[in-house]
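Take a look at the structure set out below.
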Amino acid sequence: MEKSVEMSTKNRTGIGMSPADSQRMIDAAQAVPPSSSGDESALAALDSAYIRESEPIGSVPAPGTLKGMAQTTLQKLTGKHPEVLIDKLGERLAFERTGTRLYDYLINKCETAAESGAQVSVDTLKRFRREEAEHFKLVAKALESLGADPTTQTPGADVSAVASSGVLQILSDPRTSVDQSLEAILTAELVDHAGWEMLIRLAGEMGLDEMTADFRAALAEEDDHLRQVRHWHEQSALTHAGVSMT
Ligand SMILES: [Fe+2]
Ligand SMILES: [Fe+2]
């Protein structure tokens, strides 16, 4: 089935489709003003009350019994706040796991639909999927080196799962095209890239040299993901628009 963007009379969402009806709708809205006075500040005040009363999203658990390596690592972090690093590692772990699933969906979509304005290589997508899975394991190892449990859902992991749930919905929707899925993957890869850059900075400032070196290797692969996905994303739009890439 052709899923590229096309012109059709089926889309009647715009107001211009029926000027007479839209004028009647505008007249009705103006004839019936809001039943209560006030503006959006009352809503903001209510929101502020909830913000002040709410508990945080979650917390980072205290490490259990520390074994040799974790003990040595945590000693290096005396006076710093390893829980911040653990939270961010938990976030990255959740994101990389979801990233693996995003590529699973995109690979299947490319193999099934094949319609795309971009010359997407399924082999390259499979490599990216493998790398996301490896990054997941790398982050799990980093968490263990800090005496943290990689199966814990940290607050950052919780928030990032909510943020990427829209991307997952787009990828798993059978109606979306390869091109629309590329747009969604680009959103994920931009955040992924920034997340690794921040982790490298954080682990580096904490003096965790081995971890920083491992993360730099992951970032080099993420560089490649972002560059390639961005290229396909542009290529698909330009091809469908009938203009060529420069
Ligand atoms: Fe990633
Ligand atoms: Fe990635």
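Naming scheme: A, B, ... for chains in displayed order of the structure tokens; residues 1 onward per chain; ligands 1 onward as shown.
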- request: Tell me which protein, DNA and RNA residues are within 8 Å of Glu222 of chain A, counting only C-alpha atoms, leaving out same-chain ones fewer than 2 positions away, and put them as a ChimeraX atom specification.
  value: /A:189,192-193,218-220,224-226
Please give me, as number ranges by chain, the residues lying within 12 Å of ligand 1 when counting only C-alpha atoms and all ligand atoms. A: 91-103, 127-139, 185-197, 215, 217-226
* To do: Enumerate the residues of segment 34-239 of chain A with a DSSP assignment of helix (DSSP H, G or I), computed from the backbone, and present them as a ChimeraX atom specification.
  => /A:41-53,68-76,82-113,122-145,155-172,178-205,209-239
Notebook entry, point to check: What separation in Å, quoted to one decimal, exists between atom CA of Gly147 of chain A and atom CA of Met198 of chain A?
Noted result: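 Between these atoms lies a distance of 21.1 Å.
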Next on the checklist: as a list in words, please: the residues near segment 104-117 of chain A (cut-off 7 Å, only C-alpha atoms, same-chain neighbours under 2 positions excluded).
Outcome noted: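 Contacts, with the query itself left out: Glu2, Thr100, Arg101, Leu102, Gln119, Val122, Leu125, Leu171, Ser172, Val178, Asp179, Ser181, Gln235, Ser236, Ala237, Thr239 and His240 of chain A.
One finds atom CA of Leu146 of chain A at 12.5 Å from atom CA of Val60 of chain A.
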What does the distance between atom CA of Pro155 of chain A and atom CA of Gln75 of chain A come to in Å, to one decimal place?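 Distance reported for this atom pair: 24.1 Å.
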* To do: Find, counting only C-alpha atoms and all ligand atoms, the residue in A:Gln180, A:Ser18, A:Thr124, A:Asn11 that gets nearest to ligand 2.
  =>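 Of the candidates, the smallest distance to ligand 2 is held by A:Thr124.
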